[in-house]
Each structure stands twice: as C-alpha cells, then as structure tokens.
Amino acid sequence: MKIKARHKHDAMKIICVVGARPNFIKIAPIIEEINNSSRNSGRRRNITCKIVHTGQHYDYKMSGAIFKELEIPKPDYNLGIGSGSHGLQTGKIMIEFEKVCLKEDPDLVLVVGDVNSTLAASLVAAKMNIKVGHIEAGLRSFDRNMPEEINRVLTDQIADYLFVTEPSAIKNLLNEGISRKKIFYVGNVMIDTLLKHKSSIKDQNSQILKKFGLRPREYALLTLHRPSNVDDEEKIKKLFSVFERISQIIPIIFPAHPRTIDQIRRSGLKIKTNNLIITEPLGYLDNLNLIANSKFVMTDSGGIQEETTVLGIPCLTLRTNTERPVTIDVGTNILVGRNSGKITREVKNILAGRAKKNKIPKYWDGKTARRIIAIINKHY
C-alpha cells in the first residue's frame, strides 16, 4: 500500500472512532465541541469531523439507541464488524478502517477508551502517518490478563496526543517513556456527558424507578460483565450467592450485559429470590438514573467507578485492581474483589451510614471536551 504524503486541508479533518457503548458516552461532548468550535471559529482553523462506528458493539440496546439518546449524529461509516475473538475483531477493524482513511485522508484520528476498536484504529492511523489522539490515556490496572490493558499500553505508545483524566495517568505515561510534551491533563469527557444530563436524573418520579417498583435510596444497583467474573462457572455462582444474601436486606436491580446472561444460562445458575431483579440492558439515561438514586452500586465497570464518584454514590468494585485509582483516592470507590466477607462488610457499613465520603477530582467539571479541542487547535 502506498501511503499518501500528509498535507494541510482547508479545514482540519478529524475522524472520531467509536466501537462500544462507553465510547459513545465519551465521544458525544467531543463532537458537540467540534461543532461549536466550527461555528465560532474566528481566527481558528475550521474543523470537520467524521464518525466511524466499528460495530464492535452491535446490539441495538448496547449501542444503537445511545446515538439518539445523546444526540450524536448518525455515524458516517458503520464497519459492521460484530463479535469474534480479540485477534479476529482487531484485524477486521484494521482492514475496514484503512479503507476509510484512504478515502477521507484525515489529519487526526481521535480514539477513546481501551476497547479493540481503540487499538485497531490507532495502528492503522500510525502506519499511514496520520496523527492519533487518545482520550483517556495513561490509565493502568497493571493486569496484563485484561485485554483492555494491552489496548491501553499499545495505543499510548503510538499516540501523538495523550489526553489524561487523572494524575496517576501522567505518572504511568512518563514511566513508560512517553514525552511530557505529548501529555495533556484535561479531565474526564464521560463526566462532561454526565453533568450535561444531571438535571434529568435524581428524579423522585423517575419512570425507570416506577417501572421496577423501586424507591430512591432503597435499592442497590449491580453491573457485571468482565470475563474474570462471569466466564468461570464457580466464580459466577459464588458471586451470586453473595448477591442473593444481600438482596434479603436491600433489593438489587441488575441490568445484565448480553454475554453475562449467556454465562448465567450456561452455568445453570438459578436465582432463588425476587429481590434480585435481572433486566435487559438499559439506555444511558435510565442507567444513570438508577445509579444516581441507588443506595450503593456493585460493579466491575470502569466508567461506573467514575460516575459514582461524581454523584456521591458508594461504589463497591468487584475487582482486585482498578485503572482509575483517583476514584479510590478521593472518590467513593472501594475494591472488594470477589471476597464475600469484604463485600458483605462494606454493604453493612453503607447501610449503617458509614459510607465513604467523596470529593470531585480535578478537571472533572464538564469542560474537558473544550480543553481537548482547544489543545488540538493550538498544537496541530
């Protein structure tokens, strides 16, 4: 393949790549800010943006509905990759995304988070001499058994702009030999989206609470999807044994990821209580409403650790590590792993009014996307 020589366009051409539900939440404020920047460009260079959806999440409830909900424009390209092994998925995305880059000839590819789409698009752009910006760079769990950790480390090594959410990320990148000139401490775009929609949550008359017969602060929310928790029959049964006991004290609602439902079925797990409500995946605003009105959250998700920190909701993370240590240092997050005794003990502390207090991390103020686009305008 012959790589085109890079050249300046009349307008800066950016491709924003998304592939999984968390990506959509994070890219929404970026797209909004690009549109605002173009309308009010003044002396700044005009920016155009194309959205590429790789199709890594292809279930409508996991991806399609969120475009409408967050007012994200319809993607310019949908690569329709679908499921598969990590190698197959990454390879297929690279093949199809290269075609898009050859056609669009962008100045910059923006990727978010740590999914296979993030790494695949970054590799293609780097090999074509296209600048790469990584939003949410530098986060590390230091657990190479997590595919996301591999994606993070490799993407950061080839990115030209590394936009970080918290101090630990700066330290991690410097330790890995990344130039300080490439690192920009900007805050958290996921929190931009949360704060934009905050007025529509914590609603005492919330329709989603009514649907499930829940009352504010009188239920817990559960999310669970990581392979380390759900792919082993013994581990998932052990966890649900704890959840069932907790549900005798406080109802638990569990919007279940499709792969988690599959694993529950395969394990032959039988839920023995009506106080553990399993439902299909919910829209972003419904899910955020459930978080904001809950007594506490149990999760293995990264993003929810951040959302609970800003909302002041106690969070018990069902992992032994986190790539988001600021949520522990200043936020509401506590690592409990799969330790049934620790999970139960922390639940009792919360119910007794001894929940961890929170502070809002620096730059988690709803202005992160504005900072990112200002940096791109200044440095590109």
# chains A, B, ... in the order shown; residues from 1 in each chain; ligands from 1
$ closest_atom_pairs --of "region 119-153 of chain A" --to "region 214-226 of chain A" --cutoff "12 Å" --atoms "only C-alpha atoms" --output "CSV"
residue,atom,partner,partner_atom,distance
A:Asn145,CA,A:Arg226,CA,11.4
A:Met146,CA,A:Arg226,CA,9.0
A:Pro147,CA,A:Arg226,CA,10.4
A:Glu148,CA,A:Arg226,CA,10.6
$ select_by_dssp --residues "region 196-229 of chain A" --states "helix (DSSP H, G or I)" --output "MDAnalysis selection string"
chainID A and resid 196 198:200 207:211 227:229
$ closest_residue --among "A:Ile246, A:Val330, A:Leu119, A:Leu282" --to "Glu346 (chain A)" --atoms "only C-alpha atoms"
A:Ile246
$ residues_around --residues "region 154-170 of chain A" --least-positions-apart "5" --cutoff "9 Å" --atoms "only C-alpha atoms" --output "number ranges by chain"
A: 114, 118-120, 122-123, 126, 131-140, 149, 175-178, 180-189, 323-326, 361-364, 368, 372, 376
$ write_last_selection --atoms "N, CA and C atoms" --output "compact mmCIF listing (two decimals), in the first residue's frame"
# COMPACT_ATOMS: atom_id res chain seq x y z
N ASP A 114 -10.41 1.99 25.73
CA ASP A 114 -9.45 0.88 25.73
C ASP A 114 -9.98 -0.37 25.05
N THR A 118 -10.22 0.88 19.67
CA THR A 118 -9.25 1.92 20.01
C THR A 118 -7.87 1.56 19.47
N LEU A 119 -7.41 0.36 19.75
CA LEU A 119 -6.10 -0.07 19.30
C LEU A 119 -6.06 -0.24 17.78
N ALA A 120 -7.06 -0.87 17.21
CA ALA A 120 -7.06 -1.14 15.77
C ALA A 120 -6.99 0.14 14.95
N SER A 122 -5.94 3.06 15.94
CA SER A 122 -4.66 3.74 16.21
C SER A 122 -3.53 3.14 15.38
N LEU A 123 -3.48 1.82 15.28
CA LEU A 123 -2.45 1.16 14.49
C LEU A 123 -2.54 1.55 13.02
N ALA A 126 -1.40 5.28 12.63
CA ALA A 126 0.04 5.45 12.82
C ALA A 126 0.81 4.95 11.60
N LYS A 131 -1.89 11.55 12.46
CA LYS A 131 -1.77 11.81 13.90
C LYS A 131 -2.88 11.08 14.65
N VAL A 132 -2.55 10.62 15.88
CA VAL A 132 -3.50 9.91 16.73
C VAL A 132 -3.66 10.67 18.04
N GLY A 133 -4.89 10.91 18.45
CA GLY A 133 -5.19 11.45 19.76
C GLY A 133 -5.91 10.41 20.59
N HIS A 134 -5.39 10.11 21.79
CA HIS A 134 -6.02 9.11 22.65
C HIS A 134 -6.66 9.79 23.85
N ILE A 135 -7.97 9.74 23.89
CA ILE A 135 -8.73 10.31 25.00
C ILE A 135 -8.89 9.24 26.08
N GLU A 136 -8.49 9.57 27.31
CA GLU A 136 -8.46 8.65 28.44
C GLU A 136 -7.18 7.83 28.43
N ALA A 137 -6.09 8.48 28.09
CA ALA A 137 -4.79 7.82 28.02
C ALA A 137 -4.20 7.61 29.41
N GLY A 138 -3.25 6.68 29.50
CA GLY A 138 -2.44 6.52 30.70
C GLY A 138 -3.03 5.73 31.84
N LEU A 139 -4.28 5.30 31.74
CA LEU A 139 -4.88 4.52 32.82
C LEU A 139 -4.28 3.10 32.81
N ARG A 140 -3.94 2.60 33.99
CA ARG A 140 -3.31 1.29 34.08
C ARG A 140 -3.84 0.50 35.27
N GLU A 149 -6.04 -3.73 29.08
CA GLU A 149 -4.73 -3.20 29.48
C GLU A 149 -3.75 -3.23 28.31
N ASN A 175 6.59 7.03 33.16
CA ASN A 175 7.34 5.82 33.49
C ASN A 175 7.53 4.92 32.28
N GLU A 176 6.65 5.03 31.31
CA GLU A 176 6.74 4.21 30.10
C GLU A 176 7.52 4.92 28.99
N GLY A 177 8.11 6.06 29.31
CA GLY A 177 8.97 6.75 28.34
C GLY A 177 8.26 7.68 27.39
N ILE A 178 7.01 8.01 27.67
CA ILE A 178 6.26 8.95 26.82
C ILE A 178 6.74 10.37 27.10
N ARG A 180 6.76 14.17 27.89
CA ARG A 180 5.83 15.04 28.63
C ARG A 180 5.11 15.99 27.71
N LYS A 181 5.73 16.33 26.58
CA LYS A 181 5.12 17.28 25.64
C LYS A 181 3.86 16.71 24.98
N LYS A 182 3.73 15.39 24.99
CA LYS A 182 2.57 14.76 24.36
C LYS A 182 1.40 14.59 25.33
N ILE A 183 1.64 14.82 26.62
CA ILE A 183 0.65 14.50 27.66
C ILE A 183 -0.10 15.75 28.07
N PHE A 184 -1.43 15.67 28.10
CA PHE A 184 -2.27 16.82 28.44
C PHE A 184 -3.30 16.39 29.50
N TYR A 185 -3.22 17.02 30.65
CA TYR A 185 -4.15 16.74 31.75
C TYR A 185 -5.40 17.59 31.53
N VAL A 186 -6.48 16.95 31.09
CA VAL A 186 -7.66 17.70 30.65
C VAL A 186 -8.93 17.40 31.44
N GLY A 187 -8.96 16.25 32.14
CA GLY A 187 -10.19 15.85 32.83
C GLY A 187 -10.87 14.69 32.14
N ASN A 188 -12.16 14.55 32.35
CA ASN A 188 -12.87 13.33 32.01
C ASN A 188 -14.10 13.64 31.14
N VAL A 189 -14.05 13.22 29.87
CA VAL A 189 -15.17 13.52 28.97
C VAL A 189 -16.45 12.79 29.37
N GLU A 323 -7.91 0.62 37.14
CA GLU A 323 -7.09 1.55 36.38
C GLU A 323 -7.46 3.00 36.66
N ARG A 324 -8.39 3.20 37.58
CA ARG A 324 -8.88 4.54 37.93
C ARG A 324 -8.69 4.80 39.42
N PRO A 325 -7.45 4.86 39.90
CA PRO A 325 -7.21 4.98 41.34
C PRO A 325 -7.73 6.27 41.96
N VAL A 326 -7.95 7.30 41.16
CA VAL A 326 -8.48 8.54 41.72
C VAL A 326 -9.86 8.32 42.34
N PRO A 361 -12.71 14.93 41.58
CA PRO A 361 -11.34 15.06 41.07
C PRO A 361 -11.16 16.32 40.22
N LYS A 362 -9.93 16.78 40.17
CA LYS A 362 -9.59 17.98 39.41
C LYS A 362 -9.98 17.83 37.94
N TYR A 363 -10.55 18.89 37.39
CA TYR A 363 -10.96 19.00 35.98
C TYR A 363 -12.16 18.12 35.62
N TRP A 364 -12.78 17.47 36.60
CA TRP A 364 -14.00 16.72 36.28
C TRP A 364 -15.17 17.70 36.44
N THR A 368 -14.08 19.28 29.83
CA THR A 368 -12.95 18.52 29.29
C THR A 368 -12.89 18.57 27.77
N ILE A 372 -9.81 19.76 25.26
CA ILE A 372 -9.21 18.90 24.24
C ILE A 372 -9.20 19.59 22.88
N ILE A 376 -5.99 20.77 20.54
CA ILE A 376 -5.82 20.36 19.15
C ILE A 376 -5.67 21.58 18.25
$ closest_residue --among "A:Glu234, A:Gln207, A:Lys196, A:Ile130" --to "Arg266 (chain A)" --atoms "only C-alpha atoms"
A:Glu234
$ residues_around --residues "Ile14 (chain A)" --least-positions-apart "6" --cutoff "8 Å" --atoms "only C-alpha atoms" --output "VMD selection string"
chain A and resid 47 to 50 106 to 110
$ write_last_selection --atoms "C-alpha atoms" --output "short mmCIF file (atom, residue, chain, number, x, y, z; two decimals), in the first residue's frame"
data_model
loop_
_atom_site.label_atom_id
_atom_site.label_comp_id
_atom_site.auth_asym_id
_atom_site.auth_seq_id
_atom_site.Cartn_x
_atom_site.Cartn_y
_atom_site.Cartn_z
CA ILE A 47 -12.68 21.55 11.96
CA THR A 48 -14.71 18.88 10.23
CA CYS A 49 -15.48 15.55 11.88
CA LYS A 50 -16.45 12.15 10.52
CA PRO A 106 -7.84 12.80 7.79
CA ASP A 107 -5.38 15.00 9.67
CA LEU A 108 -6.16 13.38 13.01
CA VAL A 109 -7.81 10.19 14.30
CA LEU A 110 -9.36 10.51 17.76
#
$ closest_residue --among "A:Ile277, A:Leu351, A:Met298, A:Val153" --to "Ile249 (chain A)" --atoms "only C-alpha atoms"
A:Leu351
$ closest_residue --among "A:Ile278, A:Ala28, A:Ala352, A:Ile150" --to "Glu69 (chain A)" --atoms "only C-alpha atoms"
A:Ala28
$ residues_around --residues "Gly303 (chain A)" --least-positions-apart "5" --cutoff "10 Å" --atoms "only C-alpha atoms" --output "VMD selection string"
chain A and resid 22 25 to 26 113 190 to 191 308 324
$ write_last_selection --atoms "N, CA and C atoms" --output "mmCIF file, in the first residue's frame"
data_model
loop_
_atom_site.group_PDB
_atom_site.id
_atom_site.type_symbol
_atom_site.label_atom_id
_atom_site.label_comp_id
_atom_site.auth_asym_id
_atom_site.auth_seq_id
_atom_site.Cartn_x
_atom_site.Cartn_y
_atom_site.Cartn_z
ATOM 1 N N PRO A 22 -19.380 2.577 26.040
ATOM 2 C CA PRO A 22 -18.675 3.648 26.756
ATOM 3 C C PRO A 22 -18.044 4.675 25.813
ATOM 4 N N ILE A 25 -20.532 7.452 24.909
ATOM 5 C CA ILE A 25 -20.732 8.397 26.009
ATOM 6 C C ILE A 25 -19.583 9.395 26.069
ATOM 7 N N LYS A 26 -18.373 8.912 25.789
ATOM 8 C CA LYS A 26 -17.188 9.765 25.870
ATOM 9 C C LYS A 26 -17.013 10.662 24.649
ATOM 10 N N GLY A 113 -10.901 5.541 25.167
ATOM 11 C CA GLY A 113 -11.003 4.343 25.988
ATOM 12 C C GLY A 113 -9.975 3.273 25.665
ATOM 13 N N MET A 190 -16.304 11.620 30.017
ATOM 14 C CA MET A 190 -17.506 10.915 30.479
ATOM 15 C C MET A 190 -18.278 11.764 31.489
ATOM 16 N N ILE A 191 -17.554 12.534 32.275
ATOM 17 C CA ILE A 191 -18.197 13.409 33.249
ATOM 18 C C ILE A 191 -18.832 14.618 32.562
ATOM 19 N N THR A 308 -20.092 7.182 39.830
ATOM 20 C CA THR A 308 -20.492 7.155 41.242
ATOM 21 C C THR A 308 -19.676 8.145 42.067
ATOM 22 N N ARG A 324 -8.394 3.199 37.583
ATOM 23 C CA ARG A 324 -8.880 4.536 37.925
ATOM 24 C C ARG A 324 -8.688 4.802 39.424
#
$ residues_around --residues "Leu316 (chain A)" --least-positions-apart "6" --cutoff "8 Å" --atoms "only C-alpha atoms" --output "list of chain:residue names"
A:Phe296, A:Val297, A:Met298, A:Thr299, A:Asn333, A:Ile334, A:Leu335, A:Val336, A:Ile343, A:Glu346
$ write_last_selection --atoms "N, CA and C atoms" --output "PDB file, in the first residue's frame"
ATOM      1  N   PHE A 296     -26.315   2.188  46.874  1.00  0.00           N
ATOM      2  CA  PHE A 296     -24.924   1.913  46.508  1.00  0.00           C
ATOM      3  C   PHE A 296     -24.921   1.098  45.226  1.00  0.00           C
ATOM      4  N   VAL A 297     -23.727   0.993  44.630  1.00  0.00           N
ATOM      5  CA  VAL A 297     -23.556   0.253  43.376  1.00  0.00           C
ATOM      6  C   VAL A 297     -22.487  -0.812  43.579  1.00  0.00           C
ATOM      7  N   MET A 298     -22.727  -2.000  43.016  1.00  0.00           N
ATOM      8  CA  MET A 298     -21.704  -3.046  42.930  1.00  0.00           C
ATOM      9  C   MET A 298     -21.415  -3.255  41.449  1.00  0.00           C
ATOM     10  N   THR A 299     -20.147  -3.196  41.052  1.00  0.00           N
ATOM     11  CA  THR A 299     -19.837  -3.192  39.620  1.00  0.00           C
ATOM     12  C   THR A 299     -18.444  -3.705  39.351  1.00  0.00           C
ATOM     13  N   ASN A 333     -15.163   4.978  45.727  1.00  0.00           N
ATOM     14  CA  ASN A 333     -14.902   3.608  45.305  1.00  0.00           C
ATOM     15  C   ASN A 333     -14.106   2.808  46.338  1.00  0.00           C
ATOM     16  N   ILE A 334     -14.496   1.543  46.524  1.00  0.00           N
ATOM     17  CA  ILE A 334     -13.758   0.591  47.360  1.00  0.00           C
ATOM     18  C   ILE A 334     -13.612  -0.713  46.582  1.00  0.00           C
ATOM     19  N   LEU A 335     -12.386  -1.231  46.499  1.00  0.00           N
ATOM     20  CA  LEU A 335     -12.165  -2.519  45.848  1.00  0.00           C
ATOM     21  C   LEU A 335     -12.536  -3.653  46.808  1.00  0.00           C
ATOM     22  N   VAL A 336     -13.420  -4.531  46.358  1.00  0.00           N
ATOM     23  CA  VAL A 336     -13.830  -5.661  47.207  1.00  0.00           C
ATOM     24  C   VAL A 336     -13.556  -7.004  46.548  1.00  0.00           C
ATOM     25  N   ILE A 343     -17.288  -7.932  50.735  1.00  0.00           N
ATOM     26  CA  ILE A 343     -18.475  -7.353  50.096  1.00  0.00           C
ATOM     27  C   ILE A 343     -19.569  -7.129  51.133  1.00  0.00           C
ATOM     28  N   GLU A 346     -18.714  -4.301  53.696  1.00  0.00           N
ATOM     29  CA  GLU A 346     -18.840  -2.940  53.169  1.00  0.00           C
ATOM     30  C   GLU A 346     -20.303  -2.566  52.935  1.00  0.00           C
TER      31      GLU A 346
END
$ residues_around --residues "His257 (chain A)" --least-positions-apart "3" --cutoff "7 Å" --atoms "only C-alpha atoms" --output "ChimeraX atom specification"
/A:225,260-261,281
$ select_by_dssp --residues "region 266-316 of chain A" --states "strand (DSSP E or B)" --output "list of chain:residue names"
A:Leu276, A:Ile277, A:Ile278, A:Thr279, A:Phe296, A:Val297, A:Met298, A:Thr299, A:Cys315, A:Leu316
